[in-house]
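Trainee: My structure file protein04.pdb, PDB, C-alpha atoms, pLDDT in the B column, is below:
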MODEL        1
ATOM      1  CA  MET A 187       0.000   0.000   0.000  1.00 95.00           C
ATOM      2  CA  ILE A 188       1.042   3.577  -0.609  1.00 96.00           C
ATOM      3  CA  LEU A 189       0.029   6.116   2.035  1.00 98.00           C
ATOM      4  CA  PHE A 190       0.154   9.821   1.331  1.00 98.00           C
ATOM      5  CA  ASP A 191       0.264  12.997   3.314  1.00 98.00           C
ATOM      6  CA  LEU A 192      -2.497  15.340   2.089  1.00 97.00           C
ATOM      7  CA  ASP A 193      -1.493  19.022   1.965  1.00 96.00           C
ATOM      8  CA  GLY A 194       1.613  19.513  -0.150  1.00 96.00           C
ATOM      9  CA  THR A 195       1.780  15.893  -1.300  1.00 97.00           C
ATOM     10  CA  LEU A 196      -1.511  14.908  -2.927  1.00 97.00           C
ATOM     11  CA  VAL A 197      -3.373  18.209  -2.983  1.00 97.00           C
ATOM     12  CA  ASP A 198      -2.245  21.806  -3.405  1.00 97.00           C
ATOM     13  CA  THR A 199      -4.218  23.567  -0.683  1.00 97.00           C
ATOM     14  CA  ALA A 200      -1.788  26.459  -0.202  1.00 97.00           C
ATOM     15  CA  PRO A 201      -3.929  29.041  -2.062  1.00 97.00           C
ATOM     16  CA  ASP A 202      -6.898  28.447   0.265  1.00 97.00           C
ATOM     17  CA  LEU A 203      -4.762  28.222   3.410  1.00 97.00           C
ATOM     18  CA  GLY A 204      -3.115  31.478   2.381  1.00 97.00           C
ATOM     19  CA  TYR A 205      -6.437  33.093   1.503  1.00 98.00           C
ATOM     20  CA  ALA A 206      -7.742  32.390   5.012  1.00 98.00           C
ATOM     21  CA  LEU A 207      -4.537  33.733   6.558  1.00 98.00           C
ATOM     22  CA  ASN A 208      -4.816  36.941   4.568  1.00 98.00           C
ATOM     23  CA  LEU A 209      -8.463  37.310   5.611  1.00 98.00           C
ATOM     24  CA  GLN A 210      -7.266  37.075   9.197  1.00 98.00           C
ATOM     25  CA  ARG A 211      -4.444  39.566   8.647  1.00 98.00           C
ATOM     26  CA  GLU A 212      -7.014  41.926   7.115  1.00 98.00           C
ATOM     27  CA  LEU A 213      -9.171  41.600  10.247  1.00 98.00           C
ATOM     28  CA  HIS A 214      -6.173  42.720  12.295  1.00 98.00           C
ATOM     29  CA  GLY A 215      -5.301  45.646  10.062  1.00 98.00           C
ATOM     30  CA  LEU A 216      -2.382  44.008   8.276  1.00 98.00           C
ATOM     31  CA  ALA A 217      -1.599  43.872   4.576  1.00 98.00           C
ATOM     32  CA  HIS A 218      -1.928  40.648   2.611  1.00 98.00           C
ATOM     33  CA  LEU A 219       1.125  38.419   2.236  1.00 98.00           C
ATOM     34  CA  PRO A 220       1.980  37.043  -1.229  1.00 97.00           C
ATOM     35  CA  ILE A 221       1.120  33.374  -1.642  1.00 95.00           C
ATOM     36  CA  GLU A 222       4.787  32.707  -2.447  1.00 94.00           C
ATOM     37  CA  ALA A 223       5.678  33.724   1.119  1.00 95.00           C
ATOM     38  CA  ILE A 224       2.958  31.516   2.624  1.00 96.00           C
ATOM     39  CA  ARG A 225       3.384  28.394   0.453  1.00 95.00           C
ATOM     40  CA  PRO A 226       6.467  26.906   2.232  1.00 92.00           C
ATOM     41  CA  PHE A 227       4.546  26.974   5.539  1.00 91.00           C
ATOM     42  CA  ALA A 228       1.358  25.384   4.217  1.00 91.00           C
ATOM     43  CA  SER A 229       2.327  21.891   5.410  1.00 85.00           C
ATOM     44  CA  HIS A 230       2.905  23.089   8.958  1.00 88.00           C
ATOM     45  CA  GLY A 231      -0.733  23.664   9.874  1.00 89.00           C
ATOM     46  CA  SER A 232      -2.071  26.598  11.851  1.00 94.00           C
ATOM     47  CA  LYS A 233       1.133  26.669  13.927  1.00 94.00           C
ATOM     48  CA  GLY A 234       3.285  27.435  10.894  1.00 94.00           C
ATOM     49  CA  LEU A 235       0.741  29.756   9.310  1.00 97.00           C
ATOM     50  CA  LEU A 236       0.257  31.868  12.437  1.00 98.00           C
ATOM     51  CA  ASN A 237       4.003  32.104  12.736  1.00 97.00           C
ATOM     52  CA  ILE A 238       4.491  33.486   9.222  1.00 97.00           C
ATOM     53  CA  GLY A 239       1.316  35.573   9.419  1.00 98.00           C
ATOM     54  CA  PHE A 240       1.665  37.066  12.888  1.00 98.00           C
ATOM     55  CA  GLY A 241       4.983  35.927  14.342  1.00 97.00           C
ATOM     56  CA  LEU A 242       3.109  33.831  16.910  1.00 98.00           C
ATOM     57  CA  THR A 243       4.233  30.604  18.549  1.00 97.00           C
ATOM     58  CA  PRO A 244       2.181  28.229  20.743  1.00 96.00           C
ATOM     59  CA  GLU A 245       3.822  29.793  23.796  1.00 97.00           C
ATOM     60  CA  ASP A 246       2.223  33.184  23.082  1.00 97.00           C
ATOM     61  CA  GLU A 247      -0.818  34.083  25.181  1.00 97.00           C
ATOM     62  CA  SER A 248      -2.933  34.942  22.143  1.00 97.00           C
ATOM     63  CA  PHE A 249      -1.967  31.883  20.094  1.00 98.00           C
ATOM     64  CA  GLU A 250      -4.978  29.685  20.902  1.00 97.00           C
ATOM     65  CA  THR A 251      -7.486  32.490  20.312  1.00 98.00           C
ATOM     66  CA  MET A 252      -5.836  33.302  16.984  1.00 98.00           C
ATOM     67  CA  ARG A 253      -5.693  29.626  16.047  1.00 97.00           C
ATOM     68  CA  ILE A 254      -9.440  29.215  16.587  1.00 97.00           C
ATOM     69  CA  GLU A 255     -10.111  32.404  14.621  1.00 98.00           C
ATOM     70  CA  TYR A 256      -7.938  31.175  11.752  1.00 98.00           C
ATOM     71  CA  LEU A 257      -9.622  27.763  11.612  1.00 97.00           C
ATOM     72  CA  ASP A 258     -13.060  29.375  11.577  1.00 97.00           C
ATOM     73  CA  LEU A 259     -11.989  31.519   8.608  1.00 98.00           C
ATOM     74  CA  TYR A 260     -10.432  28.541   6.823  1.00 97.00           C
ATOM     75  CA  ASP A 261     -13.676  26.625   7.391  1.00 97.00           C
ATOM     76  CA  GLN A 262     -15.392  29.120   5.086  1.00 97.00           C
ATOM     77  CA  VAL A 263     -12.914  28.779   2.184  1.00 97.00           C
ATOM     78  CA  PHE A 264     -11.138  25.404   2.353  1.00 96.00           C
ATOM     79  CA  THR A 265     -12.910  23.934  -0.698  1.00 95.00           C
ATOM     80  CA  ARG A 266     -12.514  27.149  -2.696  1.00 95.00           C
ATOM     81  CA  SER A 267      -9.737  26.021  -5.053  1.00 95.00           C
ATOM     82  CA  PRO A 268      -7.841  22.845  -4.034  1.00 96.00           C
ATOM     83  CA  VAL A 269      -6.247  20.950  -6.933  1.00 97.00           C
ATOM     84  CA  LEU A 270      -4.298  17.729  -7.275  1.00 97.00           C
ATOM     85  CA  PHE A 271      -0.622  18.291  -7.905  1.00 97.00           C
ATOM     86  CA  ASN A 272       0.501  17.688 -11.477  1.00 97.00           C
ATOM     87  CA  GLY A 273       0.744  13.946 -12.098  1.00 96.00           C
ATOM     88  CA  VAL A 274      -1.170  12.857  -8.981  1.00 97.00           C
ATOM     89  CA  GLY A 275      -4.400  12.066 -10.839  1.00 95.00           C
ATOM     90  CA  GLU A 276      -2.549   9.814 -13.267  1.00 95.00           C
ATOM     91  CA  LEU A 277      -0.671   8.159 -10.394  1.00 95.00           C
ATOM     92  CA  LEU A 278      -3.874   7.324  -8.503  1.00 95.00           C
ATOM     93  CA  ALA A 279      -5.447   5.924 -11.666  1.00 94.00           C
ATOM     94  CA  ASN A 280      -2.389   3.725 -12.207  1.00 92.00           C
ATOM     95  CA  LEU A 281      -2.521   2.469  -8.619  1.00 93.00           C
ATOM     96  CA  GLN A 282      -6.170   1.541  -8.993  1.00 91.00           C
ATOM     97  CA  LYS A 283      -5.500  -0.216 -12.312  1.00 91.00           C
ATOM     98  CA  SER A 284      -2.608  -2.119 -10.710  1.00 89.00           C
ATOM     99  CA  ASP A 285      -4.709  -3.123  -7.654  1.00 90.00           C
ATOM    100  CA  ILE A 286      -2.348  -1.289  -5.310  1.00 92.00           C
ATOM    101  CA  LYS A 287      -4.102   0.060  -2.227  1.00 94.00           C
ATOM    102  CA  TRP A 288      -3.634   3.706  -1.323  1.00 97.00           C
ATOM    103  CA  GLY A 289      -4.756   5.963   1.497  1.00 98.00           C
ATOM    104  CA  VAL A 290      -4.188   9.265   3.229  1.00 98.00           C
ATOM    105  CA  VAL A 291      -2.644   9.951   6.622  1.00 98.00           C
ATOM    106  CA  THR A 292      -2.699  13.645   7.461  1.00 97.00           C
ATOM    107  CA  ASN A 293      -2.388  15.923  10.464  1.00 96.00           C
ATOM    108  CA  LYS A 294      -5.260  17.968   9.041  1.00 95.00           C
ATOM    109  CA  PRO A 295      -8.320  17.762  11.330  1.00 95.00           C
ATOM    110  CA  ARG A 296     -11.105  15.518  10.059  1.00 96.00           C
ATOM    111  CA  ARG A 297     -13.514  18.479   9.902  1.00 96.00           C
ATOM    112  CA  PHE A 298     -11.449  19.722   6.949  1.00 96.00           C
ATOM    113  CA  ALA A 299      -9.772  16.626   5.499  1.00 97.00           C
ATOM    114  CA  ALA A 300     -12.880  14.483   4.940  1.00 97.00           C
ATOM    115  CA  PRO A 301     -14.991  17.143   3.149  1.00 96.00           C
ATOM    116  CA  LEU A 302     -11.954  18.227   1.128  1.00 97.00           C
ATOM    117  CA  ILE A 303     -11.385  14.689  -0.134  1.00 96.00           C
ATOM    118  CA  GLU A 304     -15.098  14.254  -0.828  1.00 95.00           C
ATOM    119  CA  SER A 305     -15.146  17.511  -2.818  1.00 94.00           C
ATOM    120  CA  MET A 306     -12.316  16.182  -4.999  1.00 93.00           C
ATOM    121  CA  GLN A 307     -14.103  12.838  -5.520  1.00 92.00           C
ATOM    122  CA  LEU A 308     -11.229  10.798  -4.107  1.00 93.00           C
ATOM    123  CA  ARG A 309     -12.943   8.901  -1.308  1.00 88.00           C
ATOM    124  CA  THR A 310     -14.365   6.027  -3.356  1.00 85.00           C
ATOM    125  CA  THR A 311     -10.943   4.715  -4.411  1.00 88.00           C
ATOM    126  CA  MET A 312      -9.178   5.112  -1.045  1.00 95.00           C
ATOM    127  CA  ALA A 313      -8.437   2.277   1.353  1.00 95.00           C
ATOM    128  CA  CYS A 314      -8.335   4.598   4.374  1.00 97.00           C
ATOM    129  CA  LEU A 315      -8.294   8.155   5.660  1.00 98.00           C
ATOM    130  CA  VAL A 316      -6.652   8.861   9.013  1.00 98.00           C
ATOM    131  CA  CYS A 317      -6.656  12.467  10.240  1.00 97.00           C
ATOM    132  CA  GLY A 318      -4.697  14.362  12.840  1.00 93.00           C
ATOM    133  CA  ASP A 319      -7.403  14.050  15.484  1.00 95.00           C
ATOM    134  CA  ASP A 320      -8.135  10.343  14.876  1.00 97.00           C
ATOM    135  CA  ALA A 321      -5.098   8.824  16.594  1.00 95.00           C
ATOM    136  CA  ALA A 322      -3.695   9.341  20.083  1.00 94.00           C
ATOM    137  CA  LEU A 323      -0.780  11.347  18.699  1.00 96.00           C
ATOM    138  CA  PRO A 324      -0.393  13.031  15.284  1.00 95.00           C
ATOM    139  CA  LYS A 325       2.769  12.915  13.177  1.00 97.00           C
ATOM    140  CA  PRO A 326       5.721  12.836  13.828  1.00 97.00           C
ATOM    141  CA  ALA A 327       4.456  10.043  16.101  1.00 98.00           C
ATOM    142  CA  PRO A 328       3.713   6.826  14.152  1.00 98.00           C
ATOM    143  CA  ASP A 329       0.239   6.289  15.694  1.00 98.00           C
ATOM    144  CA  SER A 330      -1.828   7.533  12.751  1.00 98.00           C
ATOM    145  CA  LEU A 331       0.213   5.533  10.235  1.00 98.00           C
ATOM    146  CA  LEU A 332      -0.163   2.354  12.263  1.00 98.00           C
ATOM    147  CA  MET A 333      -3.904   3.038  12.518  1.00 98.00           C
ATOM    148  CA  ALA A 334      -4.066   3.245   8.715  1.00 98.00           C
ATOM    149  CA  CYS A 335      -2.386  -0.160   8.459  1.00 98.00           C
ATOM    150  CA  GLU A 336      -4.869  -1.679  10.909  1.00 97.00           C
ATOM    151  CA  GLN A 337      -7.821  -0.266   8.996  1.00 96.00           C
ATOM    152  CA  SER A 338      -6.466  -1.497   5.650  1.00 96.00           C
ATOM    153  CA  LEU A 339      -5.216  -4.909   6.849  1.00 96.00           C
ATOM    154  CA  VAL A 340      -1.701  -4.178   5.574  1.00 96.00           C
ATOM    155  CA  LYS A 341       1.560  -4.597   7.475  1.00 97.00           C
ATOM    156  CA  PRO A 342       3.696  -1.448   7.960  1.00 97.00           C
ATOM    157  CA  GLU A 343       6.651  -3.110   6.248  1.00 95.00           C
ATOM    158  CA  ASP A 344       4.477  -3.479   3.126  1.00 95.00           C
ATOM    159  CA  CYS A 345       3.808   0.275   2.950  1.00 96.00           C
ATOM    160  CA  LEU A 346       5.379   3.321   1.404  1.00 96.00           C
ATOM    161  CA  TYR A 347       4.653   6.636   3.100  1.00 98.00           C
ATOM    162  CA  VAL A 348       4.975   9.737   0.926  1.00 98.00           C
ATOM    163  CA  GLY A 349       5.179  13.234   2.402  1.00 98.00           C
ATOM    164  CA  ASP A 350       6.705  16.653   1.920  1.00 97.00           C
ATOM    165  CA  ALA A 351       7.702  17.460   5.524  1.00 96.00           C
ATOM    166  CA  GLU A 352      10.341  16.126   7.889  1.00 96.00           C
ATOM    167  CA  ARG A 353       7.690  14.957  10.364  1.00 96.00           C
ATOM    168  CA  ASP A 354       6.182  12.752   7.616  1.00 98.00           C
ATOM    169  CA  ILE A 355       9.472  10.946   7.145  1.00 98.00           C
ATOM    170  CA  GLU A 356      10.049  10.704  10.892  1.00 98.00           C
ATOM    171  CA  ALA A 357       6.591   9.179  11.397  1.00 98.00           C
ATOM    172  CA  GLY A 358       6.954   6.735   8.512  1.00 98.00           C
ATOM    173  CA  ASN A 359      10.347   5.559   9.704  1.00 98.00           C
ATOM    174  CA  ALA A 360       9.047   5.136  13.259  1.00 98.00           C
ATOM    175  CA  ALA A 361       6.162   3.041  11.919  1.00 98.00           C
ATOM    176  CA  GLY A 362       8.559   0.725  10.082  1.00 98.00           C
ATOM    177  CA  MET A 363       7.556   1.838   6.586  1.00 97.00           C
ATOM    178  CA  LYS A 364       9.620   2.804   3.577  1.00 96.00           C
ATOM    179  CA  THR A 365       9.524   6.593   3.221  1.00 97.00           C
ATOM    180  CA  VAL A 366       9.516   8.927   0.242  1.00 98.00           C
ATOM    181  CA  VAL A 367      10.018  12.711   0.134  1.00 98.00           C
ATOM    182  CA  ALA A 368       7.701  14.477  -2.333  1.00 98.00           C
ATOM    183  CA  LEU A 369      10.038  17.184  -3.589  1.00 97.00           C
ATOM    184  CA  TRP A 370       7.191  18.927  -5.450  1.00 97.00           C
ATOM    185  CA  GLY A 371       5.555  19.819  -2.116  1.00 96.00           C
ATOM    186  CA  TYR A 372       5.794  22.698   0.341  1.00 96.00           C
ATOM    187  CA  ILE A 373       9.533  22.551   0.912  1.00 93.00           C
ATOM    188  CA  ASP A 374      11.212  25.766   2.024  1.00 90.00           C
ATOM    189  CA  THR A 375      14.638  26.847   0.783  1.00 90.00           C
ATOM    190  CA  THR A 376      15.900  26.345   4.356  1.00 91.00           C
ATOM    191  CA  ASP A 377      14.673  22.727   4.459  1.00 93.00           C
ATOM    192  CA  LYS A 378      17.207  19.958   3.894  1.00 96.00           C
ATOM    193  CA  PRO A 379      15.223  16.889   2.813  1.00 97.00           C
ATOM    194  CA  ALA A 380      18.420  14.952   2.081  1.00 97.00           C
ATOM    195  CA  THR A 381      19.025  14.858   5.850  1.00 98.00           C
ATOM    196  CA  TRP A 382      15.544  13.637   6.840  1.00 98.00           C
ATOM    197  CA  GLY A 383      16.397   9.940   6.598  1.00 98.00           C
ATOM    198  CA  ALA A 384      13.961   8.999   3.821  1.00 98.00           C
ATOM    199  CA  ASP A 385      14.527   5.922   1.677  1.00 96.00           C
ATOM    200  CA  PHE A 386      13.756   7.839  -1.507  1.00 96.00           C
ATOM    201  CA  ALA A 387      13.216  11.393  -2.775  1.00 97.00           C
ATOM    202  CA  ILE A 388      11.291  11.987  -6.008  1.00 97.00           C
ATOM    203  CA  ASP A 389      10.566  15.004  -8.165  1.00 97.00           C
ATOM    204  CA  HIS A 390       7.305  13.815  -9.750  1.00 96.00           C
ATOM    205  CA  PRO A 391       4.452  11.488  -8.702  1.00 96.00           C
ATOM    206  CA  SER A 392       5.036   9.253 -11.738  1.00 93.00           C
ATOM    207  CA  GLU A 393       8.306   8.064 -10.168  1.00 94.00           C
ATOM    208  CA  LEU A 394       6.407   6.215  -7.425  1.00 92.00           C
ATOM    209  CA  ILE A 395       5.260   3.388  -9.693  1.00 82.00           C
ATOM    210  CA  ALA A 396       8.873   2.606 -10.576  1.00 82.00           C
ATOM    211  CA  LEU A 397       9.746   2.431  -6.863  1.00 82.00           C
ATOM    212  CA  MET A 398       7.224  -0.290  -6.044  1.00 74.00           C
ATOM    213  CA  PRO A 399       9.073  -3.351  -7.427  1.00 63.00           C
ATOM    214  CA  LYS A 400      12.409  -1.894  -6.290  1.00 64.00           C
ATOM    215  CA  THR A 401      11.071  -1.547  -2.754  1.00 69.00           C
ATOM    216  CA  PHE A 402       9.069  -4.717  -2.161  1.00 62.00           C
ATOM    217  CA  ASN A 403      10.513  -7.411  -4.446  1.00 57.00           C
TER     218      ASN A 403
ENDMDL
END
If you took the structure in this file and wrote it as structure tokens, what would it be?
Mentor:
Amino acid sequence: MILFDLDGTLVDTAPDLGYALNLQRELHGLAHLPIEAIRPFASHGSKGLLNIGFGLTPEDESFETMRIEYLDLYDQVFTRSPVLFNGVGELLANLQKSDIKWGVVTNKPRRFAAPLIESMQLRTTMACLVCGDDAALPKPAPDSLLMACEQSLVKPEDCLYVGDAERDIEAGNAAGMKTVVALWGYIDTTDKPATWGADFAIDHPSELIALMPKTFN
């Protein structure tokens, strides 16, 4: 089975995440940020977005209030314009044709992840969807990945986990899976994916099919 992170790996959600952040900045009398400045932080959830948008960290007194405000704004726009990354649609079709199971393991809360996937008509071909609030601990802990294996009746050692953030690779490795860095995702210029400990790094989704026999035969 191939398991995917959602934001920055399967689906480009950065425009909508950034749109909500700029709505929030507008509410607080701040100018909009260009999407290019927001995009590298789109895989880091509200924590990363509030940091780039307002310089806030979870230790700040106003962080939780601002986080709730941001999520309420995002709730209004999160299905505005998500798109599959180039090559992902063809990859998923090839997996289905080859009878290879696939699923999603994301730190995105289920209130957003499930409707987003439904809106993109992906749910019918998926083996599982595990969200950040489904397991005891989100990534980088392996709990959500192991939950996906249990739901899909697949052993961790028979899985590839594909993600665009260091915590994805850390979680996949901890779960005993082979791990793949999606270099097309939300990777900042300061990130060093070569040091994350992944088994593979690929530039395009089409390269995953070629990895399957190399990994499991």
Trainee: Take the PyMOL selection byres ((chain A and resi 381-385) around 8), run it mentally on this structure, and tell me the resulting residues as a list in words.
Mentor: Glu352, Ile355, Glu356, Asn359, Lys364, Thr365, Val366, Val367, Lys378, Pro379, Ala380, Phe386 and Ala387 of chain A
Trainee: Mind listing as a ChimeraX atom specification all residues within 8 Å of (3.3, 2.7, -5.3), counting all atoms listed in the file?
Mentor: /A:187-188,281,286,346,394-398
Trainee: At what distance in Å, to one decimal, does CA of Ala299 in chain A lie from CA of Arg253 in chain A?
Mentor: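 Value for the CA of Arg253 in chain A-CA of Ala299 in chain A distance: 17.2 Å.
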Trainee: Specify as an NGL selection string each residue included when the PyMOL selection byres ((chain A and resi 332-336) around 10) is applied to this file.
Mentor: :A and (187 or 189 or 289-291 or 313-317 or 320-322 or 327-331 or 337-345 or 357-358 or 360-363)
Trainee: For the file shown, report as a PyMOL selection string the outcome of the PyMOL selection byres ((chain A and resi 228) around 10) at residue level.
Mentor: chain A and resi 193-194+198-204+221+223-227+229-235+371-373
Trainee: Quick one: axis-aligned box around all listed atoms of range 237-253 of chain A, 8 Å on every side, centre and edge lengths in Å to one decimal, written as AutoDock Vina command-line options.
Mentor:
--center_x -1.3 --center_y 32.6 --center_z 17.2 --size_x 28.5 --size_y 24.8 --size_z 32.0
Trainee: For CA of Thr311 in chain A and CA of Leu257 in chain A, quote the distance in Å rounded to one decimal.
Mentor: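 Separating CA of Thr311 in chain A from CA of Leu257 in chain A is a distance of 28.1 Å.
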Trainee: Work out how far apart CA of Thr195 in chain A and CA of Leu236 in chain A are and give it in Å to one decimal.
Mentor: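 Interatomic distance, CA of Thr195 in chain A to CA of Leu236 in chain A: 21.1 Å.
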Trainee: Kindly add N, CA and C atoms to the incomplete range 371-383 of chain A and provide the output as a PDB file, in the frame of the given file.
Mentor:
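Saved the output as result.pdb:
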ATOM      1  N   GLY A 371       6.439  19.275  -3.150  1.00 96.00           N
ATOM      2  CA  GLY A 371       5.555  19.819  -2.116  1.00 96.00           C
ATOM      3  C   GLY A 371       6.021  21.131  -1.528  1.00 96.00           C
ATOM      4  N   TYR A 372       5.546  21.418  -0.317  1.00 96.00           N
ATOM      5  CA  TYR A 372       5.794  22.698   0.341  1.00 96.00           C
ATOM      6  C   TYR A 372       7.121  22.657   1.087  1.00 96.00           C
ATOM      7  N   ILE A 373       8.195  22.628   0.337  1.00 93.00           N
ATOM      8  CA  ILE A 373       9.533  22.551   0.912  1.00 93.00           C
ATOM      9  C   ILE A 373      10.201  23.913   0.815  1.00 93.00           C
ATOM     10  N   ASP A 374      10.594  24.442   1.962  1.00 90.00           N
ATOM     11  CA  ASP A 374      11.212  25.766   2.024  1.00 90.00           C
ATOM     12  C   ASP A 374      12.670  25.672   1.582  1.00 90.00           C
ATOM     13  N   THR A 375      13.223  26.811   1.194  1.00 90.00           N
ATOM     14  CA  THR A 375      14.638  26.847   0.783  1.00 90.00           C
ATOM     15  C   THR A 375      15.558  26.503   1.952  1.00 90.00           C
ATOM     16  N   THR A 376      15.074  26.674   3.187  1.00 91.00           N
ATOM     17  CA  THR A 376      15.900  26.345   4.356  1.00 91.00           C
ATOM     18  C   THR A 376      15.788  24.870   4.748  1.00 91.00           C
ATOM     19  N   ASP A 377      14.821  24.149   4.173  1.00 93.00           N
ATOM     20  CA  ASP A 377      14.673  22.727   4.459  1.00 93.00           C
ATOM     21  C   ASP A 377      15.803  21.930   3.806  1.00 93.00           C
ATOM     22  N   LYS A 378      16.150  20.823   4.428  1.00 96.00           N
ATOM     23  CA  LYS A 378      17.207  19.958   3.894  1.00 96.00           C
ATOM     24  C   LYS A 378      16.693  18.512   3.845  1.00 96.00           C
ATOM     25  N   PRO A 379      15.844  18.210   2.863  1.00 97.00           N
ATOM     26  CA  PRO A 379      15.223  16.889   2.813  1.00 97.00           C
ATOM     27  C   PRO A 379      16.225  15.744   2.706  1.00 97.00           C
ATOM     28  N   ALA A 380      17.415  16.009   2.193  1.00 97.00           N
ATOM     29  CA  ALA A 380      18.420  14.952   2.081  1.00 97.00           C
ATOM     30  C   ALA A 380      18.866  14.448   3.451  1.00 97.00           C
ATOM     31  N   THR A 381      18.601  15.248   4.492  1.00 98.00           N
ATOM     32  CA  THR A 381      19.025  14.858   5.850  1.00 98.00           C
ATOM     33  C   THR A 381      17.879  14.248   6.666  1.00 98.00           C
ATOM     34  N   TRP A 382      16.714  14.085   6.084  1.00 98.00           N
ATOM     35  CA  TRP A 382      15.544  13.637   6.840  1.00 98.00           C
ATOM     36  C   TRP A 382      15.520  12.126   7.084  1.00 98.00           C
ATOM     37  N   GLY A 383      16.355  11.386   6.385  1.00 98.00           N
ATOM     38  CA  GLY A 383      16.397   9.940   6.598  1.00 98.00           C
ATOM     39  C   GLY A 383      15.403   9.147   5.779  1.00 98.00           C
TER      40      GLY A 383
END
